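Next comes my_file-v2.csv, with CSV, C-alpha atoms.
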chain,number,residue,atom,x,y,z
E,1,MET,CA,0.0,0.0,0.0
E,2,SER,CA,1.4,3.3,-1.0
E,3,GLU,CA,-0.9,5.5,1.2
E,4,LYS,CA,0.8,8.1,3.3
E,5,PRO,CA,0.0,8.1,7.0
E,6,GLY,CA,-2.2,10.9,8.4
E,7,ARG,CA,-3.5,12.1,5.0
E,8,GLU,CA,-7.0,13.3,4.7
E,9,ALA,CA,-9.7,11.3,3.1
E,10,ARG,CA,-10.8,12.4,-0.4
E,11,THR,CA,-13.9,11.5,-2.3
E,12,PHE,CA,-14.3,11.3,-6.0
E,13,PHE,CA,-17.0,10.2,-8.5
E,14,VAL,CA,-16.4,7.1,-10.6
E,15,ASP,CA,-18.7,6.1,-13.4
E,16,THR,CA,-17.4,2.7,-14.2
E,17,ARG,CA,-17.6,1.0,-17.5
E,18,PHE,CA,-20.1,-1.5,-15.9
E,19,GLN,CA,-22.3,1.4,-14.9
E,20,ARG,CA,-22.1,3.2,-18.2
E,21,LEU,CA,-22.7,0.1,-20.4
E,22,ALA,CA,-25.3,-1.5,-18.1
E,23,ARG,CA,-27.4,1.7,-18.4
E,24,ARG,CA,-27.4,1.6,-22.2
E,25,PRO,CA,-30.9,1.1,-23.7
E,26,GLY,CA,-31.6,-2.2,-25.3
E,27,GLY,CA,-31.1,-4.5,-22.4
E,28,VAL,CA,-33.3,-7.5,-21.7
E,29,PRO,CA,-36.4,-6.3,-19.8
E,30,ARG,CA,-36.3,-7.4,-16.1
E,31,ASP,CA,-39.2,-9.8,-16.3
E,32,GLN,CA,-37.9,-11.3,-19.5
E,33,ALA,CA,-34.4,-11.6,-18.1
E,34,ILE,CA,-35.6,-13.4,-15.0
E,35,GLU,CA,-37.8,-15.7,-17.1
E,36,ASN,CA,-34.8,-16.5,-19.3
E,37,ALA,CA,-32.6,-17.2,-16.3
E,38,GLN,CA,-35.3,-19.4,-14.8
E,39,ALA,CA,-35.6,-21.3,-18.1
E,40,LYS,CA,-31.8,-21.9,-18.0
E,41,ILE,CA,-32.1,-23.2,-14.4
E,42,ASP,CA,-35.0,-25.5,-15.4
E,43,ALA,CA,-33.1,-26.8,-18.4
E,44,GLY,CA,-30.3,-27.7,-16.1
E,45,GLN,CA,-32.4,-29.8,-13.8
E,46,PRO,CA,-31.3,-33.3,-15.1
E,47,GLU,CA,-27.7,-32.3,-15.0
E,48,PHE,CA,-28.2,-30.9,-11.5
E,49,GLU,CA,-29.8,-34.0,-10.2
E,50,ALA,CA,-26.9,-36.1,-11.6
E,51,TRP,CA,-24.5,-33.8,-9.8
E,52,LEU,CA,-26.5,-33.9,-6.7
E,53,ASP,CA,-26.6,-37.7,-6.7
E,54,GLY,CA,-22.8,-37.6,-7.1
E,55,GLN,CA,-22.4,-35.2,-4.1
E,56,LEU,CA,-24.7,-37.3,-1.9
E,57,HIS,CA,-22.9,-40.5,-3.0
E,58,GLU,CA,-19.6,-39.0,-1.9
E,59,LEU,CA,-21.0,-37.9,1.4
E,60,VAL,CA,-22.3,-41.4,2.1
E,61,ASP,CA,-19.0,-42.8,1.1
E,62,ILE,CA,-17.1,-40.6,3.5
E,63,VAL,CA,-19.3,-41.5,6.4
E,64,ARG,CA,-18.8,-45.2,5.6
E,65,GLN,CA,-15.0,-44.7,5.4
E,66,VAL,CA,-14.9,-42.9,8.7
E,67,GLN,CA,-17.0,-45.7,10.3
E,68,ALA,CA,-14.5,-48.3,8.8
E,69,GLY,CA,-11.5,-46.2,9.9
E,70,THR,CA,-10.2,-45.8,6.4
E,71,ALA,CA,-11.2,-42.2,5.8
E,72,ASP,CA,-8.8,-39.5,4.8
E,73,PRO,CA,-7.7,-37.4,7.8
E,74,ALA,CA,-9.3,-34.4,6.2
E,75,TRP,CA,-12.7,-36.1,6.0
E,76,SER,CA,-14.4,-33.4,8.1
E,77,ALA,CA,-13.3,-30.7,5.7
E,78,ALA,CA,-14.4,-32.8,2.7
E,79,ILE,CA,-17.9,-33.1,4.2
E,80,ALA,CA,-18.0,-29.4,4.9
E,81,SER,CA,-17.0,-28.6,1.3
E,82,HIS,CA,-19.7,-30.9,-0.2
E,83,CYS,CA,-22.2,-29.6,2.2
E,84,ARG,CA,-21.5,-25.9,1.4
E,85,GLN,CA,-21.9,-26.7,-2.3
E,86,LEU,CA,-25.3,-28.3,-1.7
E,87,ARG,CA,-26.5,-25.4,0.5
E,88,ASP,CA,-25.4,-22.8,-2.0
E,89,VAL,CA,-27.4,-24.2,-4.9
E,90,GLY,CA,-30.2,-26.2,-3.4
E,91,THR,CA,-32.9,-23.5,-3.2
E,92,THR,CA,-31.9,-22.0,-6.6
E,93,MET,CA,-32.6,-25.4,-8.1
E,94,GLY,CA,-35.9,-25.8,-6.3
E,95,PHE,CA,-34.6,-28.0,-3.4
E,96,VAL,CA,-35.5,-25.9,-0.5
E,97,LEU,CA,-35.3,-28.6,2.2
E,98,LEU,CA,-31.9,-29.7,0.9
E,99,THR,CA,-30.5,-26.2,1.5
E,100,PHE,CA,-32.0,-26.2,5.0
E,101,VAL,CA,-30.5,-29.5,6.0
E,102,ALA,CA,-27.1,-28.7,4.3
E,103,ASN,CA,-27.1,-25.3,6.1
E,104,ASN,CA,-27.8,-27.0,9.4
E,105,LEU,CA,-24.9,-29.4,8.9
E,106,CYS,CA,-22.6,-26.5,7.8
E,107,GLU,CA,-23.5,-24.5,10.9
E,108,MET,CA,-22.9,-27.6,13.1
E,109,LEU,CA,-19.5,-28.2,11.5
E,110,GLU,CA,-18.6,-24.5,11.8
E,111,SER,CA,-19.8,-24.2,15.4
E,112,THR,CA,-17.5,-27.0,16.5
E,113,ASN,CA,-14.7,-24.6,15.4
E,114,GLY,CA,-12.4,-27.2,14.0
E,115,ALA,CA,-13.1,-29.8,16.7
E,116,GLN,CA,-14.0,-33.3,15.6
E,117,CYS,CA,-17.8,-33.6,15.2
E,118,ASN,CA,-19.8,-36.6,16.4
E,119,LEU,CA,-20.1,-38.9,13.3
E,120,GLU,CA,-23.5,-40.1,14.2
E,121,LEU,CA,-24.8,-36.5,14.1
E,122,ILE,CA,-23.2,-36.0,10.7
E,123,ALA,CA,-24.7,-39.4,9.5
E,124,CYS,CA,-28.1,-38.2,10.7
E,125,HIS,CA,-27.8,-35.1,8.5
E,126,VAL,CA,-26.7,-37.1,5.5
E,127,ASP,CA,-29.8,-39.3,5.9
E,128,ALA,CA,-31.9,-36.1,6.0
E,129,LEU,CA,-30.1,-34.9,2.8
E,130,LEU,CA,-31.0,-38.2,1.1
E,131,LEU,CA,-34.6,-37.7,2.2
E,132,ALA,CA,-34.6,-34.1,0.9
E,133,ARG,CA,-33.4,-35.3,-2.5
E,134,GLN,CA,-36.5,-37.5,-2.9
E,135,GLU,CA,-39.2,-36.2,-5.3
E,136,GLN,CA,-42.0,-36.0,-2.6
E,137,TYR,CA,-39.8,-33.9,-0.3
E,138,ARG,CA,-37.8,-31.7,-2.6
E,139,LYS,CA,-40.3,-28.9,-2.8
E,140,LEU,CA,-41.3,-28.9,0.8
E,141,ARG,CA,-40.3,-26.0,3.0
E,142,PRO,CA,-38.7,-26.7,6.4
E,143,GLU,CA,-41.8,-25.3,8.2
E,144,GLN,CA,-43.8,-28.1,6.5
E,145,LEU,CA,-41.7,-30.7,8.3
E,146,PRO,CA,-41.5,-29.2,11.9
E,147,GLU,CA,-40.4,-32.5,13.6
E,148,LEU,CA,-37.5,-33.0,11.2
E,149,THR,CA,-36.3,-29.4,11.3
E,150,ALA,CA,-36.6,-29.1,15.1
E,151,GLY,CA,-34.8,-32.4,15.5
E,152,LEU,CA,-31.9,-31.3,13.3
E,153,ARG,CA,-31.6,-28.0,15.1
E,154,ARG,CA,-31.4,-29.9,18.4
E,155,VAL,CA,-28.8,-32.2,17.0
E,156,ALA,CA,-26.7,-29.1,15.9
E,157,GLU,CA,-27.1,-27.6,19.4
E,158,PHE,CA,-26.0,-30.8,21.0
E,159,ALA,CA,-23.0,-31.1,18.7
E,160,GLU,CA,-21.9,-27.6,19.6
E,161,SER,CA,-22.2,-28.2,23.3
E,162,THR,CA,-20.3,-31.5,23.2
E,163,SER,CA,-17.6,-30.8,20.6
E,164,ILE,CA,-14.2,-32.3,21.2
E,165,ALA,CA,-11.1,-30.2,21.1
E,166,PRO,CA,-9.0,-31.0,18.0
E,167,ASP,CA,-6.1,-32.4,20.0
E,168,ASP,CA,-8.4,-35.1,21.6
E,169,ALA,CA,-10.0,-36.0,18.3
E,170,GLY,CA,-7.7,-38.7,17.0
E,171,THR,CA,-10.7,-40.9,16.1
E,172,PRO,CA,-14.1,-39.6,15.4
E,173,SER,CA,-16.5,-39.9,18.3
E,174,GLY,CA,-19.7,-41.9,17.9
E,175,GLN,CA,-17.8,-45.0,16.7
O,1,MET,CA,-36.8,4.5,-11.2
O,2,ALA,CA,-38.6,1.2,-10.5
O,3,ASN,CA,-37.0,-2.0,-11.8
O,4,PRO,CA,-34.8,-0.4,-14.6
O,5,ASN,CA,-33.5,-2.7,-17.3
O,6,ILE,CA,-29.8,-3.4,-17.4
O,7,ASN,CA,-27.8,-4.2,-20.5
O,8,LEU,CA,-25.1,-6.7,-19.8
O,9,ARG,CA,-24.0,-7.2,-23.5
O,10,ASP,CA,-20.3,-6.9,-24.0
O,11,LEU,CA,-19.6,-6.4,-20.3
O,12,MET,CA,-16.8,-8.7,-19.0
O,13,ILE,CA,-18.2,-10.4,-15.9
O,14,LEU,CA,-15.9,-12.5,-13.7
O,15,ILE,CA,-17.4,-15.2,-11.4
O,16,ALA,CA,-15.1,-16.4,-8.6
O,17,ASP,CA,-16.4,-19.3,-6.6
O,18,PRO,CA,-14.8,-22.6,-5.5
O,19,SER,CA,-17.9,-24.6,-6.6
O,20,PRO,CA,-17.8,-25.5,-10.3
O,21,TYR,CA,-21.6,-26.1,-10.2
O,22,LEU,CA,-22.4,-22.8,-8.7
O,23,CYS,CA,-20.2,-21.0,-11.2
O,24,MET,CA,-22.0,-22.8,-14.0
O,25,LEU,CA,-25.4,-21.9,-12.5
O,26,VAL,CA,-24.5,-18.2,-12.1
O,27,HIS,CA,-23.1,-18.2,-15.6
O,28,GLY,CA,-26.4,-19.6,-16.9
O,29,ILE,CA,-28.4,-17.0,-15.0
O,30,LEU,CA,-26.2,-14.1,-16.4
O,31,ARG,CA,-26.6,-15.5,-19.9
O,32,GLY,CA,-30.3,-15.3,-19.3
O,33,PHE,CA,-29.9,-11.7,-18.4
O,34,GLY,CA,-28.2,-11.1,-21.8
O,35,ALA,CA,-24.5,-11.3,-20.7
O,36,ASN,CA,-22.2,-12.7,-23.4
O,37,LYS,CA,-18.8,-12.4,-21.8
O,38,VAL,CA,-18.5,-14.4,-18.6
O,39,ILE,CA,-15.3,-15.9,-17.1
O,40,GLU,CA,-15.2,-18.4,-14.2
O,41,VAL,CA,-12.4,-18.9,-11.8
O,42,ARG,CA,-12.2,-21.1,-8.7
O,43,HIS,CA,-9.7,-19.2,-6.5
O,44,SER,CA,-8.1,-15.8,-5.7
O,45,PHE,CA,-5.1,-16.5,-7.9
O,46,GLY,CA,-7.4,-17.0,-10.8
O,47,VAL,CA,-9.0,-13.6,-10.1
O,48,ILE,CA,-5.6,-11.9,-9.9
O,49,GLU,CA,-4.4,-13.5,-13.1
O,50,THR,CA,-7.5,-12.5,-14.9
O,51,LEU,CA,-7.4,-8.9,-13.6
O,52,VAL,CA,-3.7,-8.6,-14.7
O,53,GLY,CA,-4.5,-9.9,-18.2
O,54,GLN,CA,-7.6,-8.0,-19.0
O,55,LYS,CA,-10.2,-5.4,-18.1
O,56,VAL,CA,-13.0,-6.8,-16.0
O,57,ASP,CA,-16.2,-4.8,-15.6
O,58,ILE,CA,-17.7,-6.5,-12.6
O,59,LEU,CA,-16.6,-9.3,-10.1
O,60,LEU,CA,-19.0,-11.7,-8.4
O,61,CYS,CA,-16.9,-13.2,-5.7
O,62,ASP,CA,-17.6,-15.9,-3.0
O,63,SER,CA,-16.9,-14.7,0.5
O,64,ARG,CA,-15.0,-17.9,1.2
O,65,LEU,CA,-13.0,-18.0,-2.0
O,66,PRO,CA,-9.8,-20.0,-1.4
O,67,PRO,CA,-7.2,-19.6,-0.2
O,68,HIS,CA,-7.7,-16.4,1.8
O,69,GLY,CA,-11.4,-15.5,1.3
O,70,GLY,CA,-13.2,-13.1,-1.0
O,71,LEU,CA,-13.1,-10.3,1.5
O,72,SER,CA,-9.3,-10.3,1.7
O,73,LEU,CA,-9.2,-10.4,-2.1
O,74,THR,CA,-11.6,-7.4,-2.3
O,75,ARG,CA,-9.5,-5.4,0.1
O,76,ALA,CA,-6.3,-6.3,-1.9
O,77,ILE,CA,-7.9,-5.3,-5.2
O,78,ARG,CA,-9.1,-1.9,-3.7
O,79,ARG,CA,-5.8,-1.1,-2.2
O,80,ASN,CA,-3.7,-2.0,-5.2
O,81,THR,CA,-3.0,1.4,-6.7
O,82,GLU,CA,-1.4,-0.2,-9.8
O,83,ASN,CA,-4.6,-2.1,-10.7
O,84,GLU,CA,-6.8,-0.5,-13.3
O,85,ASN,CA,-9.7,-2.6,-12.1
O,86,ARG,CA,-9.4,-1.1,-8.6
O,87,THR,CA,-12.8,0.7,-8.9
O,88,MET,CA,-14.8,-2.0,-10.6
O,89,PRO,CA,-18.0,-3.1,-8.8
O,90,ILE,CA,-17.5,-6.1,-6.6
O,91,LEU,CA,-20.5,-8.2,-5.4
O,92,ILE,CA,-19.8,-10.6,-2.6
O,93,MET,CA,-21.8,-13.8,-2.7
O,94,THR,CA,-22.3,-15.3,0.7
O,95,SER,CA,-24.5,-17.7,2.7
O,96,ASP,CA,-23.7,-15.8,5.8
O,97,THR,CA,-26.1,-12.9,5.9
O,98,ARG,CA,-25.6,-11.9,9.5
O,99,GLU,CA,-25.2,-8.2,10.1
O,100,ALA,CA,-21.5,-8.5,11.1
O,101,ALA,CA,-20.7,-10.4,7.9
O,102,ILE,CA,-22.5,-7.8,5.7
O,103,ARG,CA,-20.6,-5.0,7.6
O,104,ASN,CA,-17.3,-6.8,7.0
O,105,ALA,CA,-18.0,-7.0,3.3
O,106,ARG,CA,-18.9,-3.3,3.2
O,107,ASP,CA,-15.8,-2.4,5.1
O,108,VAL,CA,-13.4,-4.1,2.7
O,109,GLY,CA,-14.9,-2.1,-0.2
O,110,ALA,CA,-17.6,-4.4,-1.7
O,111,ASN,CA,-20.4,-2.7,-3.5
O,112,MET,CA,-23.1,-5.1,-2.6
O,113,VAL,CA,-23.7,-8.5,-1.0
O,114,VAL,CA,-25.8,-11.2,-2.7
O,115,ALA,CA,-27.2,-13.9,-0.5
O,116,LYS,CA,-26.7,-17.6,-1.5
O,117,PRO,CA,-28.6,-19.5,-2.6
O,118,LEU,CA,-29.1,-17.0,-5.4
O,119,SER,CA,-32.4,-16.2,-7.0
O,120,PRO,CA,-32.5,-14.7,-10.6
O,121,ALA,CA,-34.6,-11.8,-9.4
O,122,GLY,CA,-32.3,-11.1,-6.4
O,123,LEU,CA,-29.2,-11.1,-8.6
O,124,TYR,CA,-30.8,-9.0,-11.3
O,125,ASP,CA,-32.0,-6.3,-8.8
O,126,ARG,CA,-28.6,-6.1,-7.2
O,127,LEU,CA,-26.8,-5.7,-10.6
O,128,ALA,CA,-29.4,-3.0,-11.5
O,129,TRP,CA,-28.9,-1.3,-8.2
O,130,VAL,CA,-25.1,-1.1,-8.7
O,131,ALA,CA,-25.7,0.2,-12.3
O,132,PHE,CA,-28.2,2.8,-11.5
O,133,ASN,CA,-27.0,4.0,-8.1
O,134,PRO,CA,-23.3,5.0,-8.6
O,135,ARG,CA,-21.7,6.0,-5.4
O,136,GLN,CA,-18.7,8.2,-4.7
O,137,PHE,CA,-15.4,6.5,-3.9
O,138,VAL,CA,-13.7,7.3,-0.7
O,139,ASP,CA,-9.9,7.1,-0.6
O,140,SER,CA,-8.6,7.4,3.0
O,141,GLU,CA,-5.7,6.0,5.0
O,142,THR,CA,-7.7,3.0,6.1
O,143,TYR,CA,-10.3,2.5,3.4
O,144,PHE,CA,-10.6,2.6,-0.4
O,145,GLY,CA,-13.9,1.8,-1.9
O,146,PRO,CA,-17.5,3.0,-2.5
O,147,ASP,CA,-18.9,5.4,0.0
O,148,ARG,CA,-20.3,3.3,2.8
O,149,ARG,CA,-22.8,6.0,3.9
O,150,PHE,CA,-25.6,5.2,1.4
O,151,LYS,CA,-28.5,4.0,3.5
O,152,ILE,CA,-31.0,6.6,4.5
O,153,GLU,CA,-32.3,5.7,7.8
O,154,GLY,CA,-35.3,8.0,7.8
O,155,TYR,CA,-36.0,11.6,8.7
O,156,PRO,CA,-37.6,13.3,11.7
O,157,GLY,CA,-41.2,14.4,11.4
O,158,GLY,CA,-42.0,11.9,8.8
O,159,VAL,CA,-40.4,13.8,6.0
O,160,GLY,CA,-39.1,11.2,3.5
O,161,ARG,CA,-40.2,8.5,5.9
O,162,ARG,CA,-40.3,5.1,4.3
O,163,LYS,CA,-42.9,2.4,5.0
O,164,GLY,CA,-40.4,0.2,6.9
O,165,ASP,CA,-39.1,3.0,9.2
O,166,ARG,CA,-39.8,2.6,12.9
O,167,VAL,CA,-42.1,5.2,14.4
O,168,VAL,CA,-40.6,6.8,17.5
O,169,GLU,CA,-43.0,6.5,20.4
O,170,VAL,CA,-43.3,9.7,22.5
O,171,ALA,CA,-44.7,9.5,26.0
O,172,GLU,CA,-48.2,10.9,26.5
O,173,GLU,CA,-48.6,14.2,28.2
O,174,VAL,CA,-49.3,13.9,31.9
O,175,GLY,CA,-50.1,16.8,34.3
O,176,PRO,CA,-50.2,20.5,33.4
O,177,ALA,CA,-47.7,21.8,30.9
O,178,LEU,CA,-45.1,24.5,31.9
O,179,ALA,CA,-45.9,28.0,30.8
O,180,GLN,CA,-43.5,29.7,28.4
O,181,ASP,CA,-42.2,32.0,31.1
O,182,ASP,CA,-41.4,29.0,33.3
O,183,ILE,CA,-39.5,27.3,30.5
O,184,ASP,CA,-37.6,30.6,29.8
O,185,SER,CA,-36.6,31.0,33.4
O,186,LEU,CA,-35.4,27.4,33.5
O,187,PHE,CA,-33.2,27.9,30.4
O,188,ASN,CA,-31.9,31.2,31.7
O,189,ALA,CA,-31.0,29.7,35.0
O,190,ALA,CA,-29.2,26.9,33.3
O,191,ARG,CA,-27.3,29.4,31.1
O,192,THR,CA,-26.2,31.4,34.0
O,193,GLY,CA,-25.3,28.3,36.1
O,194,GLN,CA,-28.0,28.8,38.6
O,195,ASN,CA,-30.3,26.1,39.8
Could you express the structure from this file as structure tokens?
Amino acid sequence: MSEKPGREARTFFVDTRFQRLARRPGGVPRDQAIENAQAKIDAGQPEFEAWLDGQLHELVDIVRQVQAGTADPAWSAAIASHCRQLRDVGTTMGFVLLTFVANNLCEMLESTNGAQCNLELIACHVDALLLARQEQYRKLRPEQLPELTAGLRRVAEFAESTSIAPDDAGTPSGQ
Amino acid sequence: MANPNINLRDLMILIADPSPYLCMLVHGILRGFGANKVIEVRHSFGVIETLVGQKVDILLCDSRLPPHGGLSLTRAIRRNTENENRTMPILIMTSDTREAAIRNARDVGANMVVAKPLSPAGLYDRLAWVAFNPRQFVDSETYFGPDRRFKIEGYPGGVGRRKGDRVVEVAEEVGPALAQDDIDSLFNAARTGQN
């Protein structure tokens, strides 16, 4: 940084190229633009479902490997990465419940602040993700499944209150 | 202006997110909006490389972009006096919409925060907001970026009040009011230090 200490703040106006060009006439009208974008999303559904199945398959595999003691040491980070990806696109693709469950799992992993998380609690979320992927559940909102959502929230709270410090986490708990 | 149209044709849009699927999804949405020049990268180094190589008109950046996060990257872009893209609009995409997270994004010089999961309408409106509401830039010892003072919180007396503004409750009058002479004498006493 080449800023000199103690200098006064200055303000100036910038009309960026983005702003100049985006304001040009001739753009796609808002409603049409949103409709076009939604059409692209809808057209990508089969590809999304294949991708989603791949992500869920990998999550199930990681849980199995941890249970068998053959998982990569960074398995927790791998689960968090898959989970974030599911959370970030689920609702956009019409899988609202999927985003809720993935978000709950992400928050649970983050709240343990690097400590090893109870594997059973993760497995329970992975089961819920598999449920949320099913056709009859995919369009349901979390409030339509109060028992499931309340249960997952309790699980996350429990995980936070019982997280194990990283130094004590040689093997995952819950095995 | 309500819901103005934006023209994204020929604008160079850079999407930076570690998730290939999310990049593809945002790319598709932008194409639906009429964008025809979209680049995707997965990490900060990709962003830096792209910015060195060409002019980018707007950056959509994940807040957790590896390796150091999208906020660090935004701060670095804003503070690099050699970078011609220093003033480009930057939208931070994040699933963390807590107030502190939004404030952090604002304080590193982001123009706007877009919540993940994205919706086409939400993204369109934020792009339109950036296009049609240019803000002054502030260059100070500790901050370089768009002016952070852009939210009007409301005005006294209902002038310019928005529907969402909170009404300030004033206590109801109880007992007889003071006469003007009494009020004047109280103020006079206060001014002269008497009680």
Answer as a PyMOL selection string, residues within 8 Å of (-26.3, -15.7, -11.0) using only C-alpha atoms: chain O and resi 25-30+118-120+123
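All residues that come within 8 Å of the coordinates (-34.7, -29.0, -7.0), counting only C-alpha atoms, are given as Gln45, Glu49, Gly90, Thr91, Thr92, Met93, Gly94, Phe95, Val96, Arg133, Arg138 and Lys139 of chain E.
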Residue nearest chain O among E:Gln55, E:Ser76, E:Thr149, E:Gln85 (counting all atoms listed in the file): E:Gln85
Chain E residues near chain O (6 Å cut-off, only C-alpha atoms) as a PyMOL selection string: chain E and resi 9-13+18-19+22-23+27+29-30+33-34+36-37+40+88-89+91-92
Based on the selection just made, write C-alpha atoms of those residues as an mmCIF file, in the frame of the given file.
data_model
loop_
_atom_site.group_PDB
_atom_site.id
_atom_site.type_symbol
_atom_site.label_atom_id
_atom_site.label_comp_id
_atom_site.auth_asym_id
_atom_site.auth_seq_id
_atom_site.Cartn_x
_atom_site.Cartn_y
_atom_site.Cartn_z
ATOM 1 C CA ALA E 9 -9.700 11.300 3.100
ATOM 2 C CA ARG E 10 -10.800 12.400 -0.400
ATOM 3 C CA THR E 11 -13.900 11.500 -2.300
ATOM 4 C CA PHE E 12 -14.300 11.300 -6.000
ATOM 5 C CA PHE E 13 -17.000 10.200 -8.500
ATOM 6 C CA PHE E 18 -20.100 -1.500 -15.900
ATOM 7 C CA GLN E 19 -22.300 1.400 -14.900
ATOM 8 C CA ALA E 22 -25.300 -1.500 -18.100
ATOM 9 C CA ARG E 23 -27.400 1.700 -18.400
ATOM 10 C CA GLY E 27 -31.100 -4.500 -22.400
ATOM 11 C CA PRO E 29 -36.400 -6.300 -19.800
ATOM 12 C CA ARG E 30 -36.300 -7.400 -16.100
ATOM 13 C CA ALA E 33 -34.400 -11.600 -18.100
ATOM 14 C CA ILE E 34 -35.600 -13.400 -15.000
ATOM 15 C CA ASN E 36 -34.800 -16.500 -19.300
ATOM 16 C CA ALA E 37 -32.600 -17.200 -16.300
ATOM 17 C CA LYS E 40 -31.800 -21.900 -18.000
ATOM 18 C CA ASP E 88 -25.400 -22.800 -2.000
ATOM 19 C CA VAL E 89 -27.400 -24.200 -4.900
ATOM 20 C CA THR E 91 -32.900 -23.500 -3.200
ATOM 21 C CA THR E 92 -31.900 -22.000 -6.600
#
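Excluding Ile79 in chain E and any residue on its chain fewer than 2 positions from it, the residues at most 10 Å away by only C-alpha atoms are Gln55, Glu58, Leu59, Val60, Ile62, Val63, Ala74, Trp75, Ser76, Ala77, Ser81, His82, Cys83, Arg84, Gln85, Leu105, Cys106, Leu109, Ile122 and Val126 of chain E.
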